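What's in data30.pdb: PDB, C-alpha atoms
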ATOM      1  CA  MET A   8      -6.335  17.393  -1.100  1.00  0.00           C
ATOM      2  CA  SER A   9      -7.356  13.835  -0.410  1.00  0.00           C
ATOM      3  CA  PHE A  10      -5.913  10.403   0.148  1.00  0.00           C
ATOM      4  CA  SER A  11      -8.030   7.353   0.852  1.00  0.00           C
ATOM      5  CA  ILE A  12      -8.160   3.663   0.081  1.00  0.00           C
ATOM      6  CA  GLN A  13     -11.128   1.384  -0.518  1.00  0.00           C
ATOM      7  CA  ALA A  14     -10.047  -2.120   0.452  1.00  0.00           C
ATOM      8  CA  GLY A  15     -12.884  -3.980  -1.245  1.00  0.00           C
ATOM      9  CA  GLY A  16     -13.648  -7.645  -0.674  1.00  0.00           C
ATOM     10  CA  PRO A  17     -11.625  -9.697  -3.131  1.00  0.00           C
ATOM     11  CA  ALA A  18     -12.379 -13.382  -3.619  1.00  0.00           C
ATOM     12  CA  VAL A  19      -9.735 -15.620  -2.078  1.00  0.00           C
ATOM     13  CA  ARG A  20      -8.211 -18.748  -3.597  1.00  0.00           C
ATOM     14  CA  LYS A  21      -6.864 -21.631  -1.535  1.00  0.00           C
ATOM     15  CA  CYS A  22      -3.201 -21.257  -0.630  1.00  0.00           C
ATOM     16  CA  GLU A  23      -1.713 -23.755   1.802  1.00  0.00           C
ATOM     17  CA  SER A  24       1.836 -22.421   1.952  1.00  0.00           C
ATOM     18  CA  ALA A  25       3.988 -19.679   0.489  1.00  0.00           C
ATOM     19  CA  ALA A  26       7.562 -18.434   0.678  1.00  0.00           C
ATOM     20  CA  ASP A  27       6.515 -15.148   2.305  1.00  0.00           C
ATOM     21  CA  MET A  28       3.625 -12.708   2.625  1.00  0.00           C
ATOM     22  CA  ALA A  29       4.120 -11.280  -0.878  1.00  0.00           C
ATOM     23  CA  ASP A  30       3.995 -14.786  -2.362  1.00  0.00           C
ATOM     24  CA  ALA A  31       0.867 -15.608  -0.367  1.00  0.00           C
ATOM     25  CA  ILE A  32      -0.869 -12.449  -1.600  1.00  0.00           C
ATOM     26  CA  GLY A  33       0.005 -13.286  -5.198  1.00  0.00           C
ATOM     27  CA  GLU A  34      -1.306 -16.821  -4.778  1.00  0.00           C
ATOM     28  CA  MET A  35      -4.492 -16.006  -2.829  1.00  0.00           C
ATOM     29  CA  TYR A  36      -5.930 -13.319  -5.113  1.00  0.00           C
ATOM     30  CA  SER A  37      -6.545 -13.927  -8.801  1.00  0.00           C
ATOM     31  CA  SER A  38      -6.287 -11.249 -11.475  1.00  0.00           C
ATOM     32  CA  GLU A  39     -10.100 -11.335 -11.635  1.00  0.00           C
ATOM     33  CA  ALA A  40     -10.483 -10.555  -7.910  1.00  0.00           C
ATOM     34  CA  GLU A  41     -11.836  -7.193  -6.790  1.00  0.00           C
ATOM     35  CA  ASP A  42      -9.130  -4.511  -6.601  1.00  0.00           C
ATOM     36  CA  ALA A  43      -8.299  -2.092  -3.826  1.00  0.00           C
ATOM     37  CA  ILE A  44      -8.771   1.518  -4.939  1.00  0.00           C
ATOM     38  CA  LEU A  45      -6.350   4.250  -3.895  1.00  0.00           C
ATOM     39  CA  VAL A  46      -7.915   7.704  -4.238  1.00  0.00           C
ATOM     40  CA  TRP A  47      -5.302  10.411  -4.803  1.00  0.00           C
ATOM     41  CA  ASN A  48      -6.761  13.920  -4.871  1.00  0.00           C
ATOM     42  CA  LEU A  49     -10.056  12.516  -6.190  1.00  0.00           C
ATOM     43  CA  VAL A  50      -8.406  10.316  -8.862  1.00  0.00           C
ATOM     44  CA  PRO A  51      -9.118   6.581  -8.371  1.00  0.00           C
ATOM     45  CA  VAL A  52      -6.179   4.249  -8.960  1.00  0.00           C
ATOM     46  CA  ARG A  53      -6.761   0.493  -9.077  1.00  0.00           C
ATOM     47  CA  LEU A  54      -4.445  -1.725  -7.036  1.00  0.00           C
ATOM     48  CA  PRO A  55      -4.975  -5.397  -7.872  1.00  0.00           C
ATOM     49  CA  TYR A  56      -4.328  -7.478  -4.764  1.00  0.00           C
ATOM     50  CA  GLY A  57      -2.664 -10.416  -6.485  1.00  0.00           C
ATOM     51  CA  TYR A  58      -0.292  -8.257  -8.469  1.00  0.00           C
ATOM     52  CA  ASP A  59       0.296  -4.685  -7.239  1.00  0.00           C
ATOM     53  CA  LEU A  60      -0.255  -5.253  -3.528  1.00  0.00           C
ATOM     54  CA  ALA A  61       1.857  -8.405  -3.656  1.00  0.00           C
ATOM     55  CA  ALA A  62       4.649  -6.316  -5.231  1.00  0.00           C
ATOM     56  CA  LEU A  63       4.230  -3.374  -2.816  1.00  0.00           C
ATOM     57  CA  ILE A  64       3.922  -5.183   0.524  1.00  0.00           C
ATOM     58  CA  ASP A  65       7.673  -5.502   1.233  1.00  0.00           C
ATOM     59  CA  ASP A  66       8.058  -1.700   0.916  1.00  0.00           C
ATOM     60  CA  LEU A  67       4.699  -0.715   2.406  1.00  0.00           C
ATOM     61  CA  VAL A  68       5.132  -2.287   5.839  1.00  0.00           C
ATOM     62  CA  PRO A  69       8.575  -0.719   6.518  1.00  0.00           C
ATOM     63  CA  LEU A  70       7.226   2.632   5.241  1.00  0.00           C
ATOM     64  CA  LEU A  71       4.304   2.564   7.676  1.00  0.00           C
ATOM     65  CA  GLU A  72       6.660   1.631  10.518  1.00  0.00           C
ATOM     66  CA  GLU A  73       9.036   4.451   9.612  1.00  0.00           C
ATOM     67  CA  ILE A  74       6.518   7.288   9.327  1.00  0.00           C
ATOM     68  CA  GLN A  75       5.111   6.502  12.769  1.00  0.00           C
ATOM     69  CA  ARG A  76       8.447   6.970  14.505  1.00  0.00           C
ATOM     70  CA  PRO A  77       8.641  10.260  16.446  1.00  0.00           C
ATOM     71  CA  GLN A  78      11.980  11.152  14.820  1.00  0.00           C
ATOM     72  CA  PHE A  79      10.658  10.655  11.269  1.00  0.00           C
ATOM     73  CA  THR A  80      11.174  13.699   9.022  1.00  0.00           C
ATOM     74  CA  GLU A  81      11.209  12.432   5.435  1.00  0.00           C
ATOM     75  CA  THR A  82      11.698   9.404   3.217  1.00  0.00           C
ATOM     76  CA  GLU A  83      11.371   8.221  -0.339  1.00  0.00           C
ATOM     77  CA  VAL A  84       9.731   5.055  -1.595  1.00  0.00           C
ATOM     78  CA  PHE A  85       9.666   3.572  -5.065  1.00  0.00           C
ATOM     79  CA  TRP A  86       6.588   1.542  -5.900  1.00  0.00           C
ATOM     80  CA  GLY A  87       7.986  -0.901  -8.427  1.00  0.00           C
ATOM     81  CA  SER A  88       5.037  -2.685 -10.004  1.00  0.00           C
ATOM     82  CA  ASP A  89       4.646  -2.065 -13.721  1.00  0.00           C
ATOM     83  CA  THR A  90       0.954  -1.217 -13.208  1.00  0.00           C
ATOM     84  CA  PHE A  91       1.583   0.939 -10.126  1.00  0.00           C
ATOM     85  CA  SER A  92       4.942   2.547 -10.585  1.00  0.00           C
ATOM     86  CA  ALA A  93       5.679   5.792  -8.775  1.00  0.00           C
ATOM     87  CA  GLU A  94       8.258   7.544  -6.658  1.00  0.00           C
ATOM     88  CA  TRP A  95       6.895   9.131  -3.510  1.00  0.00           C
ATOM     89  CA  ARG A  96       8.808  11.628  -1.410  1.00  0.00           C
ATOM     90  CA  ILE A  97       7.097  11.847   1.967  1.00  0.00           C
ATOM     91  CA  VAL A  98       7.836  14.763   4.273  1.00  0.00           C
ATOM     92  CA  ARG A  99       6.434  15.272   7.758  1.00  0.00           C
ATOM     93  CA  ALA A 100       4.863  18.647   8.497  1.00  0.00           C
ATOM     94  CA  ASP A 101       3.608  18.662  12.095  1.00  0.00           C
ATOM     95  CA  ASP A 102       1.002  15.851  12.273  1.00  0.00           C
ATOM     96  CA  SER A 103       0.661  15.592   8.501  1.00  0.00           C
ATOM     97  CA  LEU A 104       2.521  14.084   5.597  1.00  0.00           C
ATOM     98  CA  ARG A 105       3.098  15.827   2.287  1.00  0.00           C
ATOM     99  CA  ILE A 106       3.452  13.229  -0.445  1.00  0.00           C
ATOM    100  CA  GLN A 107       5.142  14.439  -3.598  1.00  0.00           C
ATOM    101  CA  ALA A 108       4.699  11.849  -6.326  1.00  0.00           C
ATOM    102  CA  ARG A 109       6.280  11.166  -9.674  1.00  0.00           C
ATOM    103  CA  TRP A 110       3.901   8.829 -11.463  1.00  0.00           C
ATOM    104  CA  HIS A 111       5.376   6.407 -14.010  1.00  0.00           C
ATOM    105  CA  SER A 112       2.494   4.002 -14.707  1.00  0.00           C
ATOM    106  CA  THR A 113      -0.936   3.114 -13.355  1.00  0.00           C
ATOM    107  CA  LEU A 114      -3.801   0.923 -14.490  1.00  0.00           C
ATOM    108  CA  GLY A 115      -5.944   3.191 -16.648  1.00  0.00           C
ATOM    109  CA  ASN A 116      -2.995   5.440 -17.585  1.00  0.00           C
ATOM    110  CA  TYR A 117      -3.877   8.216 -15.127  1.00  0.00           C
ATOM    111  CA  GLU A 118      -0.286   9.430 -14.705  1.00  0.00           C
ATOM    112  CA  SER A 119      -0.878  12.862 -16.303  1.00  0.00           C
ATOM    113  CA  LEU A 120      -4.070  13.483 -14.344  1.00  0.00           C
ATOM    114  CA  LEU A 121      -2.413  12.398 -11.094  1.00  0.00           C
ATOM    115  CA  ALA A 122       0.523  14.734 -11.790  1.00  0.00           C
ATOM    116  CA  GLU A 123      -1.879  17.619 -12.504  1.00  0.00           C
ATOM    117  CA  ARG A 124      -3.576  17.076  -9.134  1.00  0.00           C
ATOM    118  CA  GLY A 125      -0.232  17.629  -7.386  1.00  0.00           C
ATOM    119  CA  ASP A 126       0.883  16.658  -3.912  1.00  0.00           C
ATOM    120  CA  SER A 127      -1.340  14.928  -1.432  1.00  0.00           C
ATOM    121  CA  VAL A 128      -1.385  16.165   2.161  1.00  0.00           C
ATOM    122  CA  VAL A 129      -2.797  13.779   4.734  1.00  0.00           C
ATOM    123  CA  SER A 130      -2.494  13.336   8.469  1.00  0.00           C
ATOM    124  CA  THR A 131      -0.088  10.580   9.468  1.00  0.00           C
ATOM    125  CA  GLN A 132      -2.881   8.822  11.347  1.00  0.00           C
ATOM    126  CA  VAL A 133      -5.206   8.845   8.321  1.00  0.00           C
ATOM    127  CA  PHE A 134      -2.423   7.644   5.988  1.00  0.00           C
ATOM    128  CA  VAL A 135      -1.690   4.680   8.241  1.00  0.00           C
ATOM    129  CA  SER A 136      -5.362   3.883   8.866  1.00  0.00           C
ATOM    130  CA  GLU A 137      -6.159   3.925   5.138  1.00  0.00           C
ATOM    131  CA  TRP A 138      -3.399   1.422   4.352  1.00  0.00           C
ATOM    132  CA  ALA A 139      -4.426  -0.583   7.437  1.00  0.00           C
ATOM    133  CA  LYS A 140      -7.762  -1.388   5.773  1.00  0.00           C
ATOM    134  CA  VAL A 141      -5.927  -3.258   3.014  1.00  0.00           C
ATOM    135  CA  LEU A 142      -3.495  -4.883   5.446  1.00  0.00           C
ATOM    136  CA  LYS A 143      -6.351  -6.102   7.666  1.00  0.00           C
ATOM    137  CA  ARG A 144      -8.064  -7.665   4.656  1.00  0.00           C
ATOM    138  CA  ILE A 145      -4.853  -9.521   3.704  1.00  0.00           C
ATOM    139  CA  VAL A 146      -3.982 -10.656   7.244  1.00  0.00           C
ATOM    140  CA  THR A 147      -7.551 -11.863   7.808  1.00  0.00           C
ATOM    141  CA  ASP A 148      -7.453 -13.871   4.576  1.00  0.00           C
ATOM    142  CA  ILE A 149      -4.041 -15.386   5.355  1.00  0.00           C
ATOM    143  CA  GLU A 150      -5.195 -16.395   8.835  1.00  0.00           C
ATOM    144  CA  ALA A 151      -8.562 -17.700   7.618  1.00  0.00           C
ATOM    145  CA  GLY A 152      -6.773 -19.868   5.070  1.00  0.00           C
ATOM    146  CA  SER A 153      -4.184 -21.056   7.611  1.00  0.00           C
ATOM    147  CA  VAL A 154      -1.462 -20.196   5.104  1.00  0.00           C
ATOM    148  CA  GLN A 155       1.960 -21.404   6.242  1.00  0.00           C
ATOM    149  CA  LEU A 156       4.696 -18.847   5.472  1.00  0.00           C
ATOM    150  CA  ASP A 157       8.331 -19.972   5.211  1.00  0.00           C
ATOM    151  CA  ASP A 158       9.414 -16.389   5.980  1.00  0.00           C
ATOM    152  CA  ASP A 159       6.837 -14.676   8.196  1.00  0.00           C
ATOM    153  CA  ASP A 160       8.798 -11.481   9.012  1.00  0.00           C
ATOM    154  CA  ILE A 161       6.632  -9.024   7.036  1.00  0.00           C
ATOM    155  CA  PHE A 162       3.470 -10.842   8.123  1.00  0.00           C
ATOM    156  CA  LEU A 163       4.381 -10.535  11.821  1.00  0.00           C
ATOM    157  CA  ARG A 164       5.412  -6.902  11.377  1.00  0.00           C
ATOM    158  CA  THR A 165       2.062  -6.245   9.685  1.00  0.00           C
ATOM    159  CA  LYS A 166       0.196  -7.785  12.598  1.00  0.00           C
ATOM    160  CA  THR A 167       2.208  -5.585  14.998  1.00  0.00           C
ATOM    161  CA  LEU A 168       1.274  -2.486  12.968  1.00  0.00           C
ATOM    162  CA  LEU A 169      -2.397  -3.440  13.048  1.00  0.00           C
ATOM    163  CA  ALA A 170      -2.318  -4.075  16.803  1.00  0.00           C
ATOM    164  CA  ALA A 171      -0.929  -0.602  17.563  1.00  0.00           C
TER     165      ALA A 171
END
Go ahead and render the structure in this file as structure tokens.
Amino acid sequence: MSFSIQAGGPAVRKCESAADMADAIGEMYSSEAEDAILVWNLVPVRLPYGYDLAALIDDLVPLLEEIQRPQFTETEVFWGSDTFSAEWRIVRADDSLRIQARWHSTLGNYESLLAERGDSVVSTQVFVSEWAKVLKRIVTDIEAGSVQLDDDDIFLRTKTLLAA
């Protein structure tokens, strides 16, 4: 089974300030910008930066922090965008993660195909490094644009994750 992410190179709009990282992402990337692509057991799922990734970031960063803790055994996350809506149950098995997903909606309506492909099993290191590609793209764009964040908690936590 496979899990990977293609971060792409989305065009960036000017954003001088934002309430938080999610707001900055939504402002910086237009709906016409190149999407990130999550590949789940060979099924490509589009993740628009300005919409889905902006909606997912506040859950993604804590998830990546949690699964890297030595005492981590399992968790659940709900991805709440209307074009990337899913419930993932993530269970550690040695150095790997088994991700059991219930797909509610995706761009392209791939929910049935994704469900047919079943669970994804991926090493914890690969899971984190795949998401890190997207996070690096976003952090680089925020820093390059000198975006001022009123609440920089998730942004700073993201930078800490990337530095590890």
Inset, instruction - For atom CA of Asp148 of chain A and atom CA of Leu168 of chain A, determine how far apart the two atoms are, in Å to one decimal place. - result: 16.6 Å
Output of the PyMOL selection byres ((chain A and resi 12) around 6), listed as an mmCIF file with C-alpha atoms, keeping the file's coordinate frame:
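result.cif written:
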data_model
loop_
_atom_site.group_PDB
_atom_site.id
_atom_site.type_symbol
_atom_site.label_atom_id
_atom_site.label_comp_id
_atom_site.auth_asym_id
_atom_site.auth_seq_id
_atom_site.Cartn_x
_atom_site.Cartn_y
_atom_site.Cartn_z
ATOM 1 C CA SER A 11 -8.030 7.353 0.852
ATOM 2 C CA GLN A 13 -11.128 1.384 -0.518
ATOM 3 C CA ILE A 44 -8.771 1.518 -4.939
ATOM 4 C CA LEU A 45 -6.350 4.250 -3.895
ATOM 5 C CA VAL A 46 -7.915 7.704 -4.238
ATOM 6 C CA GLU A 137 -6.159 3.925 5.138
#
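Neighbours of Gly87 of chain A closer than or equal to 10 Å, with only C-alpha atoms counted and sequence neighbours fewer than 2 positions away skipped, come out as A:Asp59, A:Ala62, A:Leu63, A:Asp66, A:Val84, A:Phe85, A:Asp89, A:Thr90, A:Phe91, A:Ser92, A:Ala93, A:Glu94, A:His111, A:Ser112.
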Inset, instruction - Find the residues with any atom within 12 Å of (-1.7, -20.0, 9.2); use all atoms listed in the file and the coordinates as given in the file, and write the answer as a ChimeraX atom specification. - result: /A:22-25,27-28,31,146-157,159,162-163
Inset, instruction - Compile the contact shell of Thr131 of chain A as a list in words: residues with an atom at most 7 Å away, counting all atoms listed in the file, same-chain residues fewer than 5 positions apart removed. - result: Asp102, Ser103 and Leu104 of chain A
Grab the residues selected above and save them as a tab-separated table (two decimals), in the coordinates of the input with C-alpha atoms.
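Contents of again.tsv, as written:
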chain	number	residue	atom	x	y	z
A	102	ASP	CA	1.00	15.85	12.27
A	103	SER	CA	0.66	15.59	8.50
A	104	LEU	CA	2.52	14.08	5.60
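Nearest-residue note for Tyr36 of chain A: choosing from A:Val19, A:Ala108, A:Leu121, A:Pro51, the minimum distance belongs to A:Val19, counting all atoms listed in the file.
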Legend entry - Nearest to Ala14 of chain A, chosen from A:Trp47, A:Arg76, A:Ala170, A:Val141, with only C-alpha atoms counted in the distances: A:Val141
Inset, instruction - Just the residues within 12 Å of Glu41 of chain A, please, counting all atoms listed in the file, with nothing from its chain fewer than 3 positions along; format it as a ChimeraX atom specification. - result: /A:13-19,36-38,44,53-58
Using C-alpha atoms, can you write the selected residues to a file as an mmCIF file, in the coordinates of the input?
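Below is the file that was written, part28.cif:
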data_model
loop_
_atom_site.group_PDB
_atom_site.id
_atom_site.type_symbol
_atom_site.label_atom_id
_atom_site.label_comp_id
_atom_site.auth_asym_id
_atom_site.auth_seq_id
_atom_site.Cartn_x
_atom_site.Cartn_y
_atom_site.Cartn_z
ATOM 1 C CA GLN A 13 -11.128 1.384 -0.518
ATOM 2 C CA ALA A 14 -10.047 -2.120 0.452
ATOM 3 C CA GLY A 15 -12.884 -3.980 -1.245
ATOM 4 C CA GLY A 16 -13.648 -7.645 -0.674
ATOM 5 C CA PRO A 17 -11.625 -9.697 -3.131
ATOM 6 C CA ALA A 18 -12.379 -13.382 -3.619
ATOM 7 C CA VAL A 19 -9.735 -15.620 -2.078
ATOM 8 C CA TYR A 36 -5.930 -13.319 -5.113
ATOM 9 C CA SER A 37 -6.545 -13.927 -8.801
ATOM 10 C CA SER A 38 -6.287 -11.249 -11.475
ATOM 11 C CA ILE A 44 -8.771 1.518 -4.939
ATOM 12 C CA ARG A 53 -6.761 0.493 -9.077
ATOM 13 C CA LEU A 54 -4.445 -1.725 -7.036
ATOM 14 C CA PRO A 55 -4.975 -5.397 -7.872
ATOM 15 C CA TYR A 56 -4.328 -7.478 -4.764
ATOM 16 C CA GLY A 57 -2.664 -10.416 -6.485
ATOM 17 C CA TYR A 58 -0.292 -8.257 -8.469
#
Legend entry - Neighbour list for Ser127 of chain A as a list in words, cut-off 10 Å, all atoms listed in the file, skip fewer than 4 positions in-chain: Met8, Ser9, Phe10, Trp47, Asn48, Ile97, Leu104, Arg105, Ile106, Gln107 and Ala108 of chain A
Legend entry - Å distance separating atom CA of Val50 of chain A from atom CA of Arg20 of chain A, one decimal place: 29.5 Å
Inset, instruction - Apply the PyMOL selection byres ((chain A and resi 167) around 12) to the file shown and report the selected residues as a VMD selection string. - result: chain A and resid 68 to 69 71 to 72 139 142 to 143 146 160 to 166 168 to 171
Legend entry - Among listed residues A:Ala40, A:Ser119, A:Ala100, A:Gln75, nearest Phe134 of chain A (using all atoms listed in the file): A:Gln75
Legend entry - Point-to-point distance in Å for atom CA of Arg96 of chain A and atom CA of Lys140 of chain A: 22.3 Å
Inset, instruction - Measuring atom to atom with only C-alpha atoms, identify which of A:Leu49, A:Thr82, A:Ser88, A:Gly115 is nearest to Asp65 of chain A. - result: A:Ser88
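Using all atoms listed in the file, the nearest neighbour of Ile64 of chain A within the list A:Leu114, A:Ile145, A:Val135, A:Val128 is A:Ile145.
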Any chance you could work out the axis-aligned box around segment 64-79 of chain A, listed atoms only, 8 Å on each side, giving centre and edge lengths in Å to one decimal, as JSON?
{"center_x": 8.0, "center_y": 2.8, "center_z": 8.5, "size_x": 24.1, "size_y": 32.7, "size_z": 31.9}
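Distances from A:Ala61, A:Val52, A:Thr113, A:Arg144 to Glu34 of chain A were compared using all atoms listed in the file, and the smallest one belongs to A:Ala61.
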Would you mind putting back N, CA and C atoms on segment 146-159 of chain A, then writing it out as a tab-separated table (two decimals), in the frame of the given file?
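Okay, selection.tsv is ready:
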chain	number	residue	atom	x	y	z
A	146	VAL	N	-4.29	-9.85	6.05
A	146	VAL	CA	-3.98	-10.66	7.24
A	146	VAL	C	-5.15	-11.58	7.59
A	147	THR	N	-6.36	-11.05	7.53
A	147	THR	CA	-7.55	-11.86	7.81
A	147	THR	C	-7.63	-13.04	6.85
A	148	ASP	N	-7.37	-12.79	5.57
A	148	ASP	CA	-7.45	-13.87	4.58
A	148	ASP	C	-6.33	-14.90	4.75
A	149	ILE	N	-5.14	-14.45	5.11
A	149	ILE	CA	-4.04	-15.39	5.36
A	149	ILE	C	-4.36	-16.26	6.57
A	150	GLU	N	-4.86	-15.63	7.63
A	150	GLU	CA	-5.20	-16.40	8.84
A	150	GLU	C	-6.37	-17.33	8.60
A	151	ALA	N	-7.39	-16.86	7.88
A	151	ALA	CA	-8.56	-17.70	7.62
A	151	ALA	C	-8.19	-18.92	6.79
A	152	GLY	N	-7.22	-18.76	5.91
A	152	GLY	CA	-6.77	-19.87	5.07
A	152	GLY	C	-5.69	-20.71	5.70
A	153	SER	N	-5.27	-20.36	6.91
A	153	SER	CA	-4.18	-21.06	7.61
A	153	SER	C	-2.95	-21.23	6.72
A	154	VAL	N	-2.61	-20.16	6.01
A	154	VAL	CA	-1.46	-20.20	5.10
A	154	VAL	C	-0.17	-20.28	5.91
A	155	GLN	N	0.67	-21.24	5.59
A	155	GLN	CA	1.96	-21.40	6.24
A	155	GLN	C	3.00	-20.61	5.45
A	156	LEU	N	3.69	-19.68	6.12
A	156	LEU	CA	4.70	-18.85	5.47
A	156	LEU	C	6.09	-19.31	5.89
A	157	ASP	N	6.95	-19.60	4.91
A	157	ASP	CA	8.33	-19.97	5.21
A	157	ASP	C	9.06	-18.82	5.89
A	158	ASP	N	8.84	-17.60	5.40
A	158	ASP	CA	9.41	-16.39	5.98
A	158	ASP	C	8.24	-15.51	6.39
A	159	ASP	N	8.00	-15.41	7.70
A	159	ASP	CA	6.84	-14.68	8.20
A	159	ASP	C	7.17	-13.29	8.75
